[in-house]
Amino acid sequence: MTEQDDRVARIQAEWRRERPDLDVSPQGVIGRLHRVSAELTASLVEVYREFGLGEGEFDVLATLRRAGAPFERAPGELAEHTMVTTGAMTKRIDRLVAAGLVERRAAEGDGRRRVVALTPRGRELIDEAFAAHMTNEQRLLAGVPARDRAELERILAAWLRTLGAD
């Protein structure tokens with residue numbers, strides 16, 4: 001079995017046999033990216049679970065943490081940064097409020113504007129979870145040489161721009 005004889009290569013071979021009139025080469029990239037994405041998601045979610053978080057909750061806490069002091073954002077901003085609907089964001093925030101990790105409050109200097117802010121407990125948890133997350137991502141990339149990582153990052157960033165998803 002060669003490096004290219006993975007599940008995607010076998011699927012492509014079958015399609016080439018059945019539909020020789022079609023160019024199935026895009027499956028080589030898209031199929032493998034899809035499989036890599038599924039594997040990565042499973043590995044990432046496993047670490048979030050160690051901290052009692054789902055992927056969405058981790059994302060909200062991380063978005064608040066990287067906002068810098070006072071670690072707050074408006075709910076609409078959170079939805080925009082995490083690319084979910086405001087309804088989905090409300091559910092995430094409700095769960096995090098119930099867990100004591102975030103609070104809803106009036107924005108400093110503008111009592112009419114509402115924000116979501118990390119609680120001290122939420123900041124402590126996301127700092128610990130994010131460190132574990134980075135260790136996990138390093139582990140996941142360990143088998144890819146540094147020069148290939150840099151090239152892959154460049155290619156994926158360019159591709160995302162062409163898809164309008166940067």
# chains A, B, ... in the order shown; residues from 1 in each chain; ligands from 1

call {"tool": "select_by_dssp", "arguments": {"residues": "chain A", "states": "helix (DSSP H, G or I)", "output": "number ranges by chain"}}
result
A: 7-18, 26-50, 55-65, 75-82, 86-98, 120-141, 146-162

call {"tool": "write_last_selection", "arguments": {"atoms": "C-alpha atoms", "output": "tab-separated table (two decimals), in the first residue's frame"}}
result
chain	number	residue	atom	x	y	z
A	7	ARG	CA	-9.68	5.36	1.60
A	8	VAL	CA	-9.97	8.45	-0.58
A	9	ALA	CA	-7.69	6.96	-3.24
A	10	ARG	CA	-9.77	3.78	-3.27
A	11	ILE	CA	-12.97	5.80	-3.68
A	12	GLN	CA	-11.40	7.78	-6.52
A	13	ALA	CA	-10.30	4.57	-8.24
A	14	GLU	CA	-13.83	3.22	-8.06
A	15	TRP	CA	-15.26	6.42	-9.52
A	16	ARG	CA	-12.64	6.45	-12.27
A	17	ARG	CA	-13.70	2.92	-13.16
A	18	GLU	CA	-17.42	3.72	-13.04
A	26	PRO	CA	-10.85	17.22	-6.56
A	27	GLN	CA	-11.80	14.36	-4.24
A	28	GLY	CA	-8.11	13.89	-3.51
A	29	VAL	CA	-8.04	17.24	-1.73
A	30	ILE	CA	-11.63	17.72	-0.60
A	31	GLY	CA	-12.10	14.14	0.59
A	32	ARG	CA	-8.89	14.18	2.59
A	33	LEU	CA	-9.63	17.60	4.08
A	34	HIS	CA	-13.06	16.35	5.11
A	35	ARG	CA	-11.53	13.31	6.80
A	36	VAL	CA	-8.80	15.40	8.47
A	37	SER	CA	-11.47	17.82	9.71
A	38	ALA	CA	-13.51	15.02	11.26
A	39	GLU	CA	-10.43	13.56	12.99
A	40	LEU	CA	-9.32	16.98	14.25
A	41	THR	CA	-12.77	17.86	15.56
A	42	ALA	CA	-13.00	14.60	17.50
A	43	SER	CA	-9.54	15.18	19.03
A	44	LEU	CA	-10.27	18.81	19.91
A	45	VAL	CA	-13.66	18.10	21.46
A	46	GLU	CA	-12.11	15.41	23.64
A	47	VAL	CA	-9.91	18.04	25.32
A	48	TYR	CA	-12.81	20.50	25.75
A	49	ARG	CA	-14.78	17.73	27.48
A	50	GLU	CA	-11.98	17.32	30.03
A	55	GLU	CA	-17.02	23.07	21.38
A	56	GLY	CA	-19.42	26.03	21.43
A	57	GLU	CA	-18.80	26.90	25.07
A	58	PHE	CA	-15.05	26.69	24.57
A	59	ASP	CA	-15.36	29.01	21.58
A	60	VAL	CA	-17.35	31.62	23.54
A	61	LEU	CA	-14.96	31.57	26.50
A	62	ALA	CA	-11.93	31.79	24.21
A	63	THR	CA	-13.49	34.69	22.28
A	64	LEU	CA	-14.09	36.58	25.53
A	65	ARG	CA	-10.60	35.81	26.85
A	75	PRO	CA	-23.78	39.16	22.40
A	76	GLY	CA	-23.97	40.13	18.71
A	77	GLU	CA	-20.19	40.51	18.60
A	78	LEU	CA	-19.80	37.06	20.12
A	79	ALA	CA	-22.12	35.59	17.49
A	80	GLU	CA	-20.12	37.29	14.73
A	81	HIS	CA	-16.75	36.13	16.12
A	82	THR	CA	-17.95	32.56	16.57
A	86	THR	CA	-27.77	34.96	17.73
A	87	GLY	CA	-30.27	32.28	18.84
A	88	ALA	CA	-27.52	29.68	19.12
A	89	MET	CA	-25.35	32.21	20.94
A	90	THR	CA	-28.12	32.90	23.46
A	91	LYS	CA	-28.28	29.19	24.30
A	92	ARG	CA	-24.50	28.99	24.72
A	93	ILE	CA	-24.46	32.06	26.94
A	94	ASP	CA	-27.35	30.70	29.04
A	95	ARG	CA	-25.40	27.48	29.70
A	96	LEU	CA	-22.24	29.42	30.59
A	97	VAL	CA	-24.16	31.78	32.91
A	98	ALA	CA	-25.74	28.76	34.65
A	120	PRO	CA	-13.02	35.04	37.45
A	121	ARG	CA	-13.91	31.34	37.44
A	122	GLY	CA	-14.52	31.48	33.68
A	123	ARG	CA	-11.18	33.17	33.06
A	124	GLU	CA	-9.36	30.58	35.16
A	125	LEU	CA	-11.07	27.73	33.33
A	126	ILE	CA	-10.43	29.06	29.82
A	127	ASP	CA	-6.79	29.81	30.61
A	128	GLU	CA	-6.32	26.21	31.73
A	129	ALA	CA	-8.39	24.76	28.87
A	130	PHE	CA	-6.65	26.87	26.24
A	131	ALA	CA	-3.21	25.74	27.42
A	132	ALA	CA	-4.37	22.11	27.12
A	133	HIS	CA	-5.88	22.92	23.71
A	134	MET	CA	-2.56	24.30	22.43
A	135	THR	CA	-0.71	21.23	23.72
A	136	ASN	CA	-3.24	19.07	21.89
A	137	GLU	CA	-2.86	21.05	18.65
A	138	GLN	CA	0.92	20.70	18.87
A	139	ARG	CA	0.45	16.95	19.27
A	140	LEU	CA	-1.91	16.80	16.30
A	141	LEU	CA	0.62	18.61	14.09
A	146	ALA	CA	7.55	22.67	10.10
A	147	ARG	CA	8.16	23.71	6.47
A	148	ASP	CA	5.07	21.74	5.38
A	149	ARG	CA	2.99	23.35	8.15
A	150	ALA	CA	3.97	26.82	6.96
A	151	GLU	CA	3.14	25.94	3.35
A	152	LEU	CA	-0.14	24.30	4.33
A	153	GLU	CA	-1.10	27.34	6.38
A	154	ARG	CA	-0.34	29.65	3.42
A	155	ILE	CA	-2.32	27.48	0.99
A	156	LEU	CA	-5.34	27.14	3.29
A	157	ALA	CA	-5.40	30.88	4.06
A	158	ALA	CA	-5.31	31.71	0.34
A	159	TRP	CA	-8.03	29.15	-0.40
A	160	LEU	CA	-10.26	30.53	2.35
A	161	ARG	CA	-9.87	34.02	0.85
A	162	THR	CA	-10.95	32.75	-2.58

call {"tool": "select_by_dssp", "arguments": {"residues": "stretch 21-118 of chain A", "states": "strand (DSSP E)", "output": "PyMOL selection string"}}
result
chain A and resi 72-73+102-107+110-118

call {"tool": "write_last_selection", "arguments": {"atoms": "N, CA and C atoms", "output": "PDB file, in the first residue's frame"}}
result
ATOM      1  N   GLU A  72     -14.891  41.071  27.827  1.00  0.00           N
ATOM      2  CA  GLU A  72     -16.318  41.145  27.543  1.00  0.00           C
ATOM      3  C   GLU A  72     -16.555  41.512  26.084  1.00  0.00           C
ATOM      4  N   ARG A  73     -17.710  41.117  25.601  1.00  0.00           N
ATOM      5  CA  ARG A  73     -18.162  41.481  24.258  1.00  0.00           C
ATOM      6  C   ARG A  73     -19.690  41.517  24.283  1.00  0.00           C
ATOM      7  N   VAL A 102     -19.648  32.921  32.889  1.00  0.00           N
ATOM      8  CA  VAL A 102     -19.830  34.251  32.321  1.00  0.00           C
ATOM      9  C   VAL A 102     -21.005  34.913  33.020  1.00  0.00           C
ATOM     10  N   GLU A 103     -21.082  36.227  32.841  1.00  0.00           N
ATOM     11  CA  GLU A 103     -22.223  36.974  33.366  1.00  0.00           C
ATOM     12  C   GLU A 103     -22.683  37.971  32.311  1.00  0.00           C
ATOM     13  N   ARG A 104     -23.970  38.250  32.320  1.00  0.00           N
ATOM     14  CA  ARG A 104     -24.530  39.312  31.484  1.00  0.00           C
ATOM     15  C   ARG A 104     -24.609  40.542  32.366  1.00  0.00           C
ATOM     16  N   ARG A 105     -24.198  41.688  31.794  1.00  0.00           N
ATOM     17  CA  ARG A 105     -24.284  42.926  32.575  1.00  0.00           C
ATOM     18  C   ARG A 105     -24.284  44.120  31.645  1.00  0.00           C
ATOM     19  N   ALA A 106     -24.527  45.265  32.225  1.00  0.00           N
ATOM     20  CA  ALA A 106     -24.482  46.508  31.457  1.00  0.00           C
ATOM     21  C   ALA A 106     -23.031  46.843  31.143  1.00  0.00           C
ATOM     22  N   ALA A 107     -22.808  47.400  29.965  1.00  0.00           N
ATOM     23  CA  ALA A 107     -21.455  47.798  29.579  1.00  0.00           C
ATOM     24  C   ALA A 107     -21.012  48.982  30.420  1.00  0.00           C
ATOM     25  N   ASP A 110     -22.021  52.747  29.492  1.00  0.00           N
ATOM     26  CA  ASP A 110     -23.241  52.778  28.700  1.00  0.00           C
ATOM     27  C   ASP A 110     -24.199  51.736  29.256  1.00  0.00           C
ATOM     28  N   GLY A 111     -24.978  52.127  30.230  1.00  0.00           N
ATOM     29  CA  GLY A 111     -25.878  51.213  30.911  1.00  0.00           C
ATOM     30  C   GLY A 111     -26.949  50.607  30.027  1.00  0.00           C
ATOM     31  N   ARG A 112     -27.172  51.203  28.850  1.00  0.00           N
ATOM     32  CA  ARG A 112     -28.182  50.653  27.936  1.00  0.00           C
ATOM     33  C   ARG A 112     -27.647  49.469  27.141  1.00  0.00           C
ATOM     34  N   ARG A 113     -26.334  49.420  26.975  1.00  0.00           N
ATOM     35  CA  ARG A 113     -25.706  48.354  26.182  1.00  0.00           C
ATOM     36  C   ARG A 113     -25.383  47.172  27.091  1.00  0.00           C
ATOM     37  N   ARG A 114     -25.760  45.959  26.654  1.00  0.00           N
ATOM     38  CA  ARG A 114     -25.502  44.748  27.431  1.00  0.00           C
ATOM     39  C   ARG A 114     -24.268  44.040  26.884  1.00  0.00           C
ATOM     40  N   VAL A 115     -23.501  43.438  27.782  1.00  0.00           N
ATOM     41  CA  VAL A 115     -22.326  42.657  27.390  1.00  0.00           C
ATOM     42  C   VAL A 115     -22.338  41.327  28.136  1.00  0.00           C
ATOM     43  N   VAL A 116     -21.539  40.424  27.615  1.00  0.00           N
ATOM     44  CA  VAL A 116     -21.273  39.144  28.272  1.00  0.00           C
ATOM     45  C   VAL A 116     -19.815  39.206  28.690  1.00  0.00           C
ATOM     46  N   ALA A 117     -19.536  38.893  29.943  1.00  0.00           N
ATOM     47  CA  ALA A 117     -18.175  38.999  30.464  1.00  0.00           C
ATOM     48  C   ALA A 117     -17.776  37.713  31.180  1.00  0.00           C
ATOM     49  N   LEU A 118     -16.497  37.396  31.090  1.00  0.00           N
ATOM     50  CA  LEU A 118     -15.970  36.256  31.843  1.00  0.00           C
ATOM     51  C   LEU A 118     -16.047  36.550  33.330  1.00  0.00           C
TER      52      LEU A 118
END

call {"tool": "atom_distance", "arguments": {"atom1": "atom CA of A:Thr119", "atom2": "atom CA of A:Ala69"}}
result
11.6 Å

call {"tool": "atom_distance", "arguments": {"atom1": "atom CA of A:Glu108", "atom2": "atom CA of A:Pro70"}}
result
9.6 Å

call {"tool": "atom_distance", "arguments": {"atom1": "atom CA of A:Gly52", "atom2": "atom CA of A:Thr85"}}
result
22.8 Å
